[in-house]
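**Student:** start35.pdb is reproduced in full below (PDB, C-alpha atoms, pLDDT in the B column).
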```
ATOM      1  CA  MET O   1      19.632   9.268 -25.406  1.00 79.00           C
ATOM      2  CA  PRO O   2      21.566  12.178 -23.871  1.00 93.00           C
ATOM      3  CA  VAL O   3      25.338  12.263 -24.350  1.00 96.00           C
ATOM      4  CA  LYS O   4      27.179  11.068 -21.221  1.00 97.00           C
ATOM      5  CA  LEU O   5      30.765  11.436 -22.456  1.00 97.00           C
ATOM      6  CA  GLU O   6      32.161  13.580 -25.243  1.00 98.00           C
ATOM      7  CA  ILE O   7      35.771  13.093 -26.289  1.00 98.00           C
ATOM      8  CA  GLN O   8      37.261  15.959 -28.280  1.00 98.00           C
ATOM      9  CA  ASN O   9      40.458  15.710 -30.345  1.00 98.00           C
ATOM     10  CA  LEU O  10      42.103  13.277 -27.910  1.00 98.00           C
ATOM     11  CA  SER O  11      45.797  12.565 -28.553  1.00 97.00           C
ATOM     12  CA  LYS O  12      48.503  10.765 -26.589  1.00 97.00           C
ATOM     13  CA  VAL O  13      52.257  10.609 -27.150  1.00 96.00           C
ATOM     14  CA  PHE O  14      54.526   8.100 -25.379  1.00 93.00           C
ATOM     15  CA  ASN O  15      58.305   8.494 -25.816  1.00 89.00           C
ATOM     16  CA  LYS O  16      57.828  10.694 -28.902  1.00 90.00           C
ATOM     17  CA  GLN O  17      55.524   8.081 -30.465  1.00 93.00           C
ATOM     18  CA  LYS O  18      51.927   9.138 -31.086  1.00 94.00           C
ATOM     19  CA  VAL O  19      49.608   6.332 -29.963  1.00 96.00           C
ATOM     20  CA  LEU O  20      46.283   8.211 -30.228  1.00 97.00           C
ATOM     21  CA  HIS O  21      45.596  10.545 -33.139  1.00 96.00           C
ATOM     22  CA  GLY O  22      42.997  13.238 -32.406  1.00 96.00           C
ATOM     23  CA  LEU O  23      40.035  11.023 -31.500  1.00 98.00           C
ATOM     24  CA  ASN O  24      36.496  12.417 -31.480  1.00 98.00           C
ATOM     25  CA  PHE O  25      33.547  10.351 -30.249  1.00 98.00           C
ATOM     26  CA  THR O  26      30.617  10.338 -27.836  1.00 98.00           C
ATOM     27  CA  VAL O  27      29.139   7.787 -25.435  1.00 97.00           C
ATOM     28  CA  ASN O  28      25.412   8.015 -24.747  1.00 96.00           C
ATOM     29  CA  GLU O  29      23.835   7.590 -21.325  1.00 95.00           C
ATOM     30  CA  GLY O  30      22.927   3.946 -20.688  1.00 93.00           C
ATOM     31  CA  GLU O  31      24.829   2.782 -23.760  1.00 95.00           C
ATOM     32  CA  PHE O  32      27.049  -0.273 -24.087  1.00 95.00           C
ATOM     33  CA  LEU O  33      29.975   0.828 -26.268  1.00 97.00           C
ATOM     34  CA  SER O  34      32.710  -1.634 -27.200  1.00 96.00           C
ATOM     35  CA  ILE O  35      36.131  -0.432 -28.284  1.00 97.00           C
ATOM     36  CA  LEU O  36      37.356  -3.169 -30.612  1.00 96.00           C
ATOM     37  CA  GLY O  37      40.841  -3.557 -32.033  1.00 95.00           C
ATOM     38  CA  PRO O  38      44.031  -5.621 -32.104  1.00 93.00           C
ATOM     39  CA  SER O  39      46.766  -5.411 -29.469  1.00 90.00           C
ATOM     40  CA  GLY O  40      48.638  -2.122 -29.614  1.00 91.00           C
ATOM     41  CA  CYS O  41      45.890  -0.156 -31.381  1.00 94.00           C
ATOM     42  CA  GLY O  42      45.423   2.263 -28.449  1.00 94.00           C
ATOM     43  CA  LYS O  43      42.186   0.976 -26.925  1.00 94.00           C
ATOM     44  CA  THR O  44      43.583   0.422 -23.411  1.00 92.00           C
ATOM     45  CA  THR O  45      45.247   3.853 -23.520  1.00 96.00           C
ATOM     46  CA  ILE O  46      41.797   5.370 -24.167  1.00 97.00           C
ATOM     47  CA  LEU O  47      40.395   3.535 -21.138  1.00 95.00           C
ATOM     48  CA  ARG O  48      43.230   4.704 -18.882  1.00 95.00           C
ATOM     49  CA  ILE O  49      42.753   8.309 -20.012  1.00 97.00           C
ATOM     50  CA  LEU O  50      38.967   8.201 -19.557  1.00 97.00           C
ATOM     51  CA  ILE O  51      39.188   6.962 -15.980  1.00 95.00           C
ATOM     52  CA  GLY O  52      42.018   9.367 -15.116  1.00 96.00           C
ATOM     53  CA  LEU O  53      44.958   6.989 -14.638  1.00 94.00           C
ATOM     54  CA  ILE O  54      46.967   8.899 -17.266  1.00 95.00           C
ATOM     55  CA  GLN O  55      46.593  12.340 -18.840  1.00 96.00           C
ATOM     56  CA  PRO O  56      46.162  12.938 -22.585  1.00 97.00           C
ATOM     57  CA  THR O  57      48.821  14.903 -24.445  1.00 97.00           C
ATOM     58  CA  SER O  58      46.025  17.037 -25.899  1.00 97.00           C
ATOM     59  CA  GLY O  59      42.255  17.060 -26.176  1.00 97.00           C
ATOM     60  CA  LYS O  60      39.305  17.154 -23.775  1.00 97.00           C
ATOM     61  CA  ILE O  61      36.950  14.773 -21.971  1.00 98.00           C
ATOM     62  CA  LEU O  62      33.497  16.139 -21.153  1.00 98.00           C
ATOM     63  CA  LYS O  63      31.112  14.290 -18.823  1.00 97.00           C
ATOM     64  CA  ASP O  64      27.561  15.650 -18.834  1.00 96.00           C
ATOM     65  CA  GLY O  65      28.991  18.704 -20.593  1.00 96.00           C
ATOM     66  CA  VAL O  66      31.608  19.392 -17.876  1.00 97.00           C
ATOM     67  CA  ASP O  67      35.326  19.258 -18.698  1.00 98.00           C
ATOM     68  CA  ILE O  68      36.875  16.510 -16.509  1.00 97.00           C
ATOM     69  CA  THR O  69      40.192  16.216 -18.375  1.00 97.00           C
ATOM     70  CA  GLY O  70      42.203  17.279 -15.320  1.00 95.00           C
ATOM     71  CA  THR O  71      39.866  15.835 -12.678  1.00 96.00           C
ATOM     72  CA  PRO O  72      41.427  13.160 -10.413  1.00 95.00           C
ATOM     73  CA  ALA O  73      40.265   9.589 -10.986  1.00 93.00           C
ATOM     74  CA  SER O  74      38.635   9.474  -7.538  1.00 88.00           C
ATOM     75  CA  ARG O  75      36.270  12.310  -8.486  1.00 92.00           C
ATOM     76  CA  ARG O  76      35.160  11.120 -11.941  1.00 95.00           C
ATOM     77  CA  ASN O  77      32.486   8.718 -10.622  1.00 93.00           C
ATOM     78  CA  MET O  78      33.662   5.954 -12.940  1.00 95.00           C
ATOM     79  CA  GLY O  79      34.435   2.352 -12.047  1.00 91.00           C
ATOM     80  CA  ILE O  80      36.758  -0.127 -13.712  1.00 90.00           C
ATOM     81  CA  VAL O  81      36.745  -3.929 -13.918  1.00 87.00           C
ATOM     82  CA  PHE O  82      40.260  -5.152 -14.599  1.00 81.00           C
ATOM     83  CA  GLN O  83      41.330  -8.107 -16.717  1.00 76.00           C
ATOM     84  CA  ASN O  84      42.766  -9.967 -13.703  1.00 76.00           C
ATOM     85  CA  TYR O  85      39.855  -8.993 -11.359  1.00 77.00           C
ATOM     86  CA  ALA O  86      42.319  -7.455  -8.802  1.00 83.00           C
ATOM     87  CA  LEU O  87      40.493  -9.100  -5.889  1.00 91.00           C
ATOM     88  CA  PHE O  88      41.905  -9.352  -2.351  1.00 92.00           C
ATOM     89  CA  GLN O  89      42.539 -13.078  -1.930  1.00 93.00           C
ATOM     90  CA  ASN O  90      42.603 -12.857   1.878  1.00 95.00           C
ATOM     91  CA  MET O  91      39.115 -11.294   2.005  1.00 95.00           C
ATOM     92  CA  SER O  92      35.703 -12.862   1.531  1.00 96.00           C
ATOM     93  CA  VAL O  93      33.281 -11.813  -1.191  1.00 96.00           C
ATOM     94  CA  MET O  94      31.706  -9.468   1.362  1.00 96.00           C
ATOM     95  CA  GLY O  95      35.092  -8.036   2.321  1.00 96.00           C
ATOM     96  CA  ASN O  96      36.021  -7.357  -1.292  1.00 95.00           C
ATOM     97  CA  VAL O  97      32.735  -5.653  -2.169  1.00 94.00           C
ATOM     98  CA  GLU O  98      32.566  -3.654   1.083  1.00 94.00           C
ATOM     99  CA  TYR O  99      36.226  -2.573   1.034  1.00 92.00           C
ATOM    100  CA  ALA O 100      35.967   0.599  -1.094  1.00 84.00           C
ATOM    101  CA  LEU O 101      32.682   1.600   0.571  1.00 90.00           C
ATOM    102  CA  LYS O 102      34.433   1.915   3.939  1.00 89.00           C
ATOM    103  CA  PHE O 103      36.689   4.657   2.549  1.00 86.00           C
ATOM    104  CA  ASN O 104      33.813   6.673   1.095  1.00 85.00           C
ATOM    105  CA  ARG O 105      32.164   9.182   3.433  1.00 86.00           C
ATOM    106  CA  GLU O 106      28.831   8.960   1.628  1.00 87.00           C
ATOM    107  CA  PHE O 107      28.581   5.156   1.672  1.00 89.00           C
ATOM    108  CA  LYS O 108      30.501   4.190   4.838  1.00 90.00           C
ATOM    109  CA  PRO O 109      27.529   4.295   7.263  1.00 92.00           C
ATOM    110  CA  ARG O 110      25.594   1.840   5.058  1.00 92.00           C
ATOM    111  CA  SER O 111      28.547  -0.124   3.669  1.00 93.00           C
ATOM    112  CA  ARG O 112      27.394  -3.550   4.908  1.00 93.00           C
ATOM    113  CA  GLU O 113      23.806  -3.035   3.727  1.00 93.00           C
ATOM    114  CA  ILE O 114      24.921  -1.802   0.273  1.00 93.00           C
ATOM    115  CA  ALA O 115      27.407  -4.650  -0.157  1.00 93.00           C
ATOM    116  CA  GLU O 116      24.877  -7.318   0.820  1.00 93.00           C
ATOM    117  CA  ASN O 117      22.307  -5.883  -1.589  1.00 91.00           C
ATOM    118  CA  ILE O 118      24.728  -5.753  -4.533  1.00 90.00           C
ATOM    119  CA  ILE O 119      26.050  -9.265  -3.836  1.00 91.00           C
ATOM    120  CA  GLU O 120      22.488 -10.589  -3.875  1.00 89.00           C
ATOM    121  CA  GLN O 121      21.673  -8.723  -7.097  1.00 83.00           C
ATOM    122  CA  VAL O 122      24.623 -10.262  -8.950  1.00 83.00           C
ATOM    123  CA  GLY O 123      23.653 -13.740  -7.740  1.00 84.00           C
ATOM    124  CA  LEU O 124      26.422 -14.403  -5.212  1.00 91.00           C
ATOM    125  CA  LYS O 125      24.471 -14.406  -1.937  1.00 93.00           C
ATOM    126  CA  GLU O 126      25.277 -18.061  -1.193  1.00 95.00           C
ATOM    127  CA  HIS O 127      29.005 -17.354  -1.693  1.00 96.00           C
ATOM    128  CA  ILE O 128      29.139 -14.197   0.431  1.00 96.00           C
ATOM    129  CA  HIS O 129      31.607 -15.608   2.993  1.00 96.00           C
ATOM    130  CA  LYS O 130      33.873 -17.445   0.539  1.00 96.00           C
ATOM    131  CA  LYS O 131      37.379 -16.312  -0.439  1.00 96.00           C
ATOM    132  CA  PRO O 132      37.988 -15.647  -4.164  1.00 93.00           C
ATOM    133  CA  TYR O 133      40.122 -18.777  -4.642  1.00 92.00           C
ATOM    134  CA  LYS O 134      37.063 -20.868  -3.723  1.00 94.00           C
ATOM    135  CA  LEU O 135      35.081 -19.364  -6.623  1.00 92.00           C
ATOM    136  CA  SER O 136      35.041 -20.083 -10.340  1.00 84.00           C
ATOM    137  CA  GLY O 137      36.480 -17.572 -12.814  1.00 79.00           C
ATOM    138  CA  GLY O 138      33.005 -16.359 -13.721  1.00 78.00           C
ATOM    139  CA  GLN O 139      32.047 -15.911 -10.069  1.00 85.00           C
ATOM    140  CA  GLN O 140      35.251 -13.966  -9.390  1.00 87.00           C
ATOM    141  CA  GLN O 141      34.388 -11.716 -12.314  1.00 82.00           C
ATOM    142  CA  ARG O 142      30.962 -11.086 -10.784  1.00 85.00           C
ATOM    143  CA  VAL O 143      32.639 -10.144  -7.475  1.00 91.00           C
ATOM    144  CA  ALA O 144      34.784  -7.620  -9.372  1.00 89.00           C
ATOM    145  CA  ILE O 145      31.682  -6.199 -11.069  1.00 87.00           C
ATOM    146  CA  ALA O 146      29.777  -6.098  -7.751  1.00 89.00           C
ATOM    147  CA  ARG O 147      32.652  -4.221  -6.098  1.00 91.00           C
ATOM    148  CA  THR O 148      32.523  -1.646  -8.901  1.00 89.00           C
ATOM    149  CA  LEU O 149      28.716  -1.356  -8.811  1.00 87.00           C
ATOM    150  CA  ALA O 150      28.700  -0.858  -5.025  1.00 89.00           C
ATOM    151  CA  LEU O 151      30.066   2.680  -5.414  1.00 88.00           C
ATOM    152  CA  ASN O 152      27.243   3.484  -7.859  1.00 87.00           C
ATOM    153  CA  PRO O 153      29.470   4.774 -10.691  1.00 92.00           C
ATOM    154  CA  GLU O 154      27.894   6.628 -13.590  1.00 92.00           C
ATOM    155  CA  ILE O 155      30.163   4.817 -16.061  1.00 95.00           C
ATOM    156  CA  ILE O 156      31.747   1.346 -15.832  1.00 93.00           C
ATOM    157  CA  LEU O 157      34.861   0.543 -17.871  1.00 94.00           C
ATOM    158  CA  PHE O 158      35.885  -3.042 -18.671  1.00 91.00           C
ATOM    159  CA  ASP O 159      39.484  -3.891 -19.602  1.00 89.00           C
ATOM    160  CA  GLU O 160      39.184  -7.152 -21.597  1.00 85.00           C
ATOM    161  CA  PRO O 161      37.496  -8.849 -18.610  1.00 78.00           C
ATOM    162  CA  MET O 162      36.904 -12.208 -20.305  1.00 75.00           C
ATOM    163  CA  SER O 163      40.315 -12.880 -21.802  1.00 71.00           C
ATOM    164  CA  ALA O 164      41.262 -15.288 -18.985  1.00 63.00           C
ATOM    165  CA  LEU O 165      38.031 -17.323 -19.198  1.00 69.00           C
ATOM    166  CA  ASP O 166      37.278 -20.370 -21.299  1.00 69.00           C
ATOM    167  CA  ALA O 167      34.659 -20.244 -24.067  1.00 71.00           C
ATOM    168  CA  ALA O 168      31.767 -21.606 -21.986  1.00 70.00           C
ATOM    169  CA  LYS O 169      32.363 -19.143 -19.136  1.00 72.00           C
ATOM    170  CA  ARG O 170      32.686 -16.243 -21.575  1.00 76.00           C
ATOM    171  CA  LEU O 171      29.256 -17.005 -23.031  1.00 76.00           C
ATOM    172  CA  LEU O 172      27.732 -17.225 -19.550  1.00 74.00           C
ATOM    173  CA  LEU O 173      29.360 -14.020 -18.318  1.00 77.00           C
ATOM    174  CA  ARG O 174      28.334 -12.166 -21.477  1.00 80.00           C
ATOM    175  CA  ASP O 175      24.685 -12.683 -20.572  1.00 79.00           C
ATOM    176  CA  GLU O 176      25.380 -11.682 -16.969  1.00 77.00           C
ATOM    177  CA  ILE O 177      27.028  -8.398 -17.971  1.00 83.00           C
ATOM    178  CA  LYS O 178      24.082  -7.459 -20.186  1.00 81.00           C
ATOM    179  CA  TYR O 179      21.672  -8.427 -17.397  1.00 79.00           C
ATOM    180  CA  ILE O 180      23.570  -6.262 -14.914  1.00 79.00           C
ATOM    181  CA  GLN O 181      23.600  -3.343 -17.369  1.00 82.00           C
ATOM    182  CA  ARG O 182      19.825  -3.528 -17.824  1.00 81.00           C
ATOM    183  CA  GLN O 183      19.236  -3.912 -14.092  1.00 78.00           C
ATOM    184  CA  PHE O 184      21.433  -0.969 -13.086  1.00 79.00           C
ATOM    185  CA  HIS O 185      20.923   1.152 -16.259  1.00 82.00           C
ATOM    186  CA  SER O 186      24.694   1.598 -16.397  1.00 86.00           C
ATOM    187  CA  THR O 187      26.735   3.265 -19.110  1.00 94.00           C
ATOM    188  CA  MET O 188      29.424   0.730 -20.051  1.00 94.00           C
ATOM    189  CA  ILE O 189      32.594   1.005 -22.125  1.00 96.00           C
ATOM    190  CA  TYR O 190      34.077  -2.366 -22.950  1.00 95.00           C
ATOM    191  CA  ILE O 191      37.604  -2.998 -24.292  1.00 94.00           C
ATOM    192  CA  THR O 192      38.036  -6.135 -26.396  1.00 93.00           C
ATOM    193  CA  HIS O 193      39.996  -7.654 -29.282  1.00 91.00           C
ATOM    194  CA  ASP O 194      37.271 -10.247 -29.895  1.00 89.00           C
ATOM    195  CA  GLN O 195      34.902  -9.399 -32.765  1.00 91.00           C
ATOM    196  CA  GLU O 196      32.250 -11.918 -31.712  1.00 88.00           C
ATOM    197  CA  GLU O 197      32.212 -10.553 -28.162  1.00 89.00           C
ATOM    198  CA  ALA O 198      31.818  -6.960 -29.345  1.00 93.00           C
ATOM    199  CA  PHE O 199      28.942  -7.812 -31.680  1.00 92.00           C
ATOM    200  CA  ALA O 200      27.132  -9.892 -29.061  1.00 89.00           C
ATOM    201  CA  LEU O 201      27.240  -7.217 -26.341  1.00 91.00           C
ATOM    202  CA  SER O 202      27.240  -3.772 -27.894  1.00 94.00           C
ATOM    203  CA  ASP O 203      24.777  -1.053 -28.784  1.00 95.00           C
ATOM    204  CA  ARG O 204      27.612   0.494 -30.800  1.00 97.00           C
ATOM    205  CA  ILE O 205      31.160  -0.579 -31.642  1.00 97.00           C
ATOM    206  CA  MET O 206      34.189   1.674 -32.120  1.00 98.00           C
ATOM    207  CA  VAL O 207      36.714  -0.149 -34.294  1.00 97.00           C
ATOM    208  CA  MET O 208      40.322   0.999 -33.770  1.00 96.00           C
ATOM    209  CA  ASP O 209      43.554   0.608 -35.722  1.00 96.00           C
ATOM    210  CA  ASN O 210      46.911   2.295 -35.036  1.00 96.00           C
ATOM    211  CA  GLY O 211      45.459   4.920 -32.709  1.00 97.00           C
ATOM    212  CA  THR O 212      42.660   5.976 -35.058  1.00 97.00           C
ATOM    213  CA  ILE O 213      38.917   5.313 -35.217  1.00 98.00           C
ATOM    214  CA  GLN O 214      38.131   3.318 -38.349  1.00 97.00           C
ATOM    215  CA  GLN O 215      34.373   3.147 -37.779  1.00 97.00           C
ATOM    216  CA  LEU O 216      31.911   3.873 -34.980  1.00 98.00           C
ATOM    217  CA  ASP O 217      28.412   2.540 -35.536  1.00 97.00           C
ATOM    218  CA  THR O 218      25.849  -0.084 -34.591  1.00 97.00           C
ATOM    219  CA  PRO O 219      26.753  -3.737 -35.236  1.00 95.00           C
ATOM    220  CA  ASP O 220      24.182  -3.952 -38.044  1.00 95.00           C
ATOM    221  CA  ALA O 221      25.492  -0.821 -39.754  1.00 96.00           C
ATOM    222  CA  ILE O 222      29.095  -2.043 -39.601  1.00 95.00           C
ATOM    223  CA  ILE O 223      28.123  -5.320 -41.270  1.00 93.00           C
ATOM    224  CA  GLU O 224      25.918  -3.646 -43.876  1.00 94.00           C
ATOM    225  CA  ARG O 225      28.101  -0.595 -44.570  1.00 95.00           C
ATOM    226  CA  PRO O 226      31.758  -1.264 -43.656  1.00 95.00           C
ATOM    227  CA  ALA O 227      33.699   1.999 -43.799  1.00 96.00           C
ATOM    228  CA  ASN O 228      36.836   0.636 -45.502  1.00 96.00           C
ATOM    229  CA  SER O 229      38.879  -2.455 -46.337  1.00 96.00           C
ATOM    230  CA  TYR O 230      40.261  -2.678 -42.794  1.00 95.00           C
ATOM    231  CA  ILE O 231      36.732  -3.102 -41.401  1.00 95.00           C
ATOM    232  CA  LYS O 232      35.969  -5.729 -44.028  1.00 94.00           C
ATOM    233  CA  GLU O 233      39.109  -7.702 -43.201  1.00 93.00           C
ATOM    234  CA  PHE O 234      39.474  -7.268 -39.423  1.00 93.00           C
ATOM    235  CA  VAL O 235      35.787  -7.380 -38.537  1.00 91.00           C
ATOM    236  CA  ILE O 236      33.631  -8.991 -41.204  1.00 90.00           C
ATOM    237  CA  ASP O 237      36.094 -11.537 -42.615  1.00 89.00           C
ATOM    238  CA  ASN O 238      37.095 -12.650 -39.113  1.00 86.00           C
ATOM    239  CA  LEU O 239      33.468 -13.074 -38.083  1.00 86.00           C
ATOM    240  CA  ARG O 240      32.755 -15.013 -41.269  1.00 83.00           C
ATOM    241  CA  VAL O 241      35.670 -17.380 -40.594  1.00 84.00           C
ATOM    242  CA  LYS O 242      34.351 -18.081 -37.084  1.00 74.00           C
ATOM    243  CA  VAL O 243      30.836 -18.716 -38.349  1.00 74.00           C
ATOM    244  CA  ASN O 244      31.979 -20.940 -41.242  1.00 75.00           C
ATOM    245  CA  SER O 245      34.226 -22.986 -38.954  1.00 71.00           C
ATOM    246  CA  LEU O 246      31.231 -23.922 -36.788  1.00 64.00           C
ATOM    247  CA  VAL O 247      28.217 -23.966 -39.094  1.00 66.00           C
ATOM    248  CA  LYS O 248      29.050 -27.387 -40.556  1.00 64.00           C
ATOM    249  CA  TYR O 249      28.616 -28.913 -37.106  1.00 63.00           C
ATOM    250  CA  VAL O 250      25.185 -27.363 -36.518  1.00 63.00           C
ATOM    251  CA  LYS O 251      22.479 -29.630 -37.903  1.00 63.00           C
ATOM    252  CA  PRO O 252      18.967 -28.291 -38.552  1.00 63.00           C
ATOM    253  CA  GLU O 253      16.421 -29.498 -36.016  1.00 63.00           C
ATOM    254  CA  THR O 254      14.004 -32.133 -37.277  1.00 59.00           C
ATOM    255  CA  GLN O 255      10.324 -31.488 -36.737  1.00 55.00           C
TER     256      GLN O 255
END
```
Just give me the structure as structure tokens.
**Tutor:**
Amino acid sequence: MPVKLEIQNLSKVFNKQKVLHGLNFTVNEGEFLSILGPSGCGKTTILRILIGLIQPTSGKILKDGVDITGTPASRRNMGIVFQNYALFQNMSVMGNVEYALKFNREFKPRSREIAENIIEQVGLKEHIHKKPYKLSGGQQQRVAIARTLALNPEIILFDEPMSALDAAKRLLLRDEIKYIQRQFHSTMIYITHDQEEAFALSDRIMVMDNGTIQQLDTPDAIIERPANSYIKEFVIDNLRVKVNSLVKYVKPETQ
């Protein structure tokens, strides 16, 4: 797969404290990359720099080989799905999805048609006239994703989008996100602190700690060849605890 994003020696300092330490990594076109780490490890700072909400202290971001480090967020052709959905509560599903299209010269003439098509594709056609407060958490998340997809971004960033959902809804939405990725062939970067979530969704996982990359590899490779003791403890041991806590309740099926 061709490289969509290349991050070169990315660093960020806040109030004389270095929160990112010379990061180097790539994101391939059509890939689902999770950035996994505990609170305060720098993963959300990476997301905010990639989309252009804040500038790095040093380093470069290349998209399709072009340096976009100083490019405004509005011209990066990236979309973001926030943790709290950031939906307009006074607007219907249609109003929320169509909103950004109306301010875009390219999409404005077909804004209603595009919005209706996207809403149908994410399975919300029957809810098109409902306000967000009438929807479940999972449905609101799909509205947020549909709104992002409507502008046809090359890259979609997710900022811990499932942290507010219960376990059953997280499992359901997980499948929906992967379905949407396959349907739209999107490049997705997903921020999470949940090991299980990262392993269930990702083509590759970038494990962070204290502003540094501890390992970047496929889920299988991380399990089989953990890079260091931090990976063993934070990733593998935590996954093992989750599995062991549930396996005693799962009985083998009788023939």
**Student:** Work out how far CA of Ser34 in chain O is from CA of Gln195 in chain O, in Å to one decimal.
**Tutor:**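 Answer for the CA of Gln195 in chain O to CA of Ser34 in chain O separation: 9.8 Å.
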**Student:** Once the PyMOL selection byres ((chain O and resi 166-170) around 12) has been applied to the shown file, what residues remain in the selection, as a count of residues only?
**Tutor:** 25
**Student:** Counting all atoms listed in the file, figure out which residue out of O:Lys4, O:Lys178, O:Lys60, O:Arg112 gets nearest to Asn24 in chain O.
**Tutor:**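 Looking only at the distances to Asn24 in chain O, the closest residue turns out to be O:Lys60.
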**Student:** Name every residue that the PyMOL selection byres ((chain O and resi 99) around 10) selects in this structure, writing the answer as a list in words with chains first and numbers rising.
**Tutor:** Phe88, Met91, Val93, Met94, Gly95, Asn96, Val97, Glu98, Ala100, Leu101, Lys102, Phe103, Asn104, Lys108, Ser111, Arg112, Ala115, Arg147 and Ala150 of chain O
**Student:** Report, in Å with one decimal, the straight-line distance from CA of Gly30 in chain O to CA of Ile156 in chain O.
**Tutor:** 10.4 Å
**Student:** Using the chain letters and numbers from the file, give me the residues hit by the PyMOL selection byres ((chain O and resi 29) around 7), as a PyMOL selection string.
**Tutor:** chain O and resi 1-4+27-28+30-31+187
**Student:** Would you mind reading off the distance between CA of Lys134 in chain O and CA of Gln89 in chain O, one decimal, in Å?
**Tutor:** 9.7 Å
**Student:** Tell me which of O:Ile191, O:Thr218, O:Asp159, O:Ile51 sits closest to Tyr85 in chain O, counting all atoms listed in the file.
**Tutor:** O:Asp159
**Student:** O:Ser92, O:Ser229, O:Ser11, O:Gln181: which is nearest Asp203 in chain O, counting all atoms listed in the file?
**Tutor:**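 Nearest candidate to Asp203 in chain O out of O:Ser92, O:Ser229, O:Ser11, O:Gln181: O:Gln181.
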**Student:** Between O:Val19, O:Leu135, O:Ile231, O:Ile205, which one has atoms that come closest to Gly42 in chain O, using only C-alpha atoms?
**Tutor:**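 Checking each of O:Val19, O:Leu135, O:Ile231, O:Ile205 against Gly42 in chain O, counting only C-alpha atoms, the winner is O:Val19.
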**Student:** Using the atoms already present, construct N, CA, C and O atoms for range 145-156 of chain O and hand them back as a short mmCIF file (atom, residue, chain, number, x, y, z; two decimals), in the frame of the given file.
**Tutor:**
```cif
data_model
loop_
_atom_site.label_atom_id
_atom_site.label_comp_id
_atom_site.auth_asym_id
_atom_site.auth_seq_id
_atom_site.Cartn_x
_atom_site.Cartn_y
_atom_site.Cartn_z
N ILE O 145 32.74 -7.09 -10.58
CA ILE O 145 31.68 -6.20 -11.07
C ILE O 145 30.87 -5.66 -9.90
O ILE O 145 30.55 -4.46 -9.85
N ALA O 146 30.55 -6.53 -8.93
CA ALA O 146 29.78 -6.10 -7.75
C ALA O 146 30.53 -5.03 -6.97
O ALA O 146 29.94 -4.04 -6.51
N ARG O 147 31.83 -5.21 -6.82
CA ARG O 147 32.65 -4.22 -6.10
C ARG O 147 32.59 -2.86 -6.79
O ARG O 147 32.52 -1.81 -6.15
N THR O 148 32.61 -2.89 -8.13
CA THR O 148 32.52 -1.65 -8.90
C THR O 148 31.14 -1.02 -8.78
O THR O 148 30.99 0.18 -8.56
N LEU O 149 30.09 -1.85 -8.89
CA LEU O 149 28.72 -1.36 -8.81
C LEU O 149 28.37 -0.78 -7.44
O LEU O 149 27.53 0.12 -7.33
N ALA O 150 29.02 -1.28 -6.39
CA ALA O 150 28.70 -0.86 -5.03
C ALA O 150 28.86 0.65 -4.83
O ALA O 150 28.14 1.27 -4.05
N LEU O 151 29.82 1.24 -5.54
CA LEU O 151 30.07 2.68 -5.41
C LEU O 151 29.17 3.50 -6.34
O LEU O 151 29.34 4.72 -6.44
N ASN O 152 28.23 2.82 -7.01
CA ASN O 152 27.24 3.48 -7.86
C ASN O 152 27.88 4.41 -8.90
O ASN O 152 27.51 5.59 -9.01
N PRO O 153 28.83 3.91 -9.69
CA PRO O 153 29.47 4.77 -10.69
C PRO O 153 28.51 5.10 -11.84
O PRO O 153 27.62 4.31 -12.16
N GLU O 154 28.71 6.25 -12.44
CA GLU O 154 27.89 6.63 -13.59
C GLU O 154 28.33 5.87 -14.85
O GLU O 154 27.52 5.63 -15.75
N ILE O 155 29.60 5.51 -14.90
CA ILE O 155 30.16 4.82 -16.06
C ILE O 155 31.04 3.67 -15.56
O ILE O 155 31.82 3.84 -14.62
N ILE O 156 30.89 2.49 -16.18
CA ILE O 156 31.75 1.35 -15.83
C ILE O 156 32.60 1.00 -17.05
O ILE O 156 32.10 0.84 -18.16
#
```
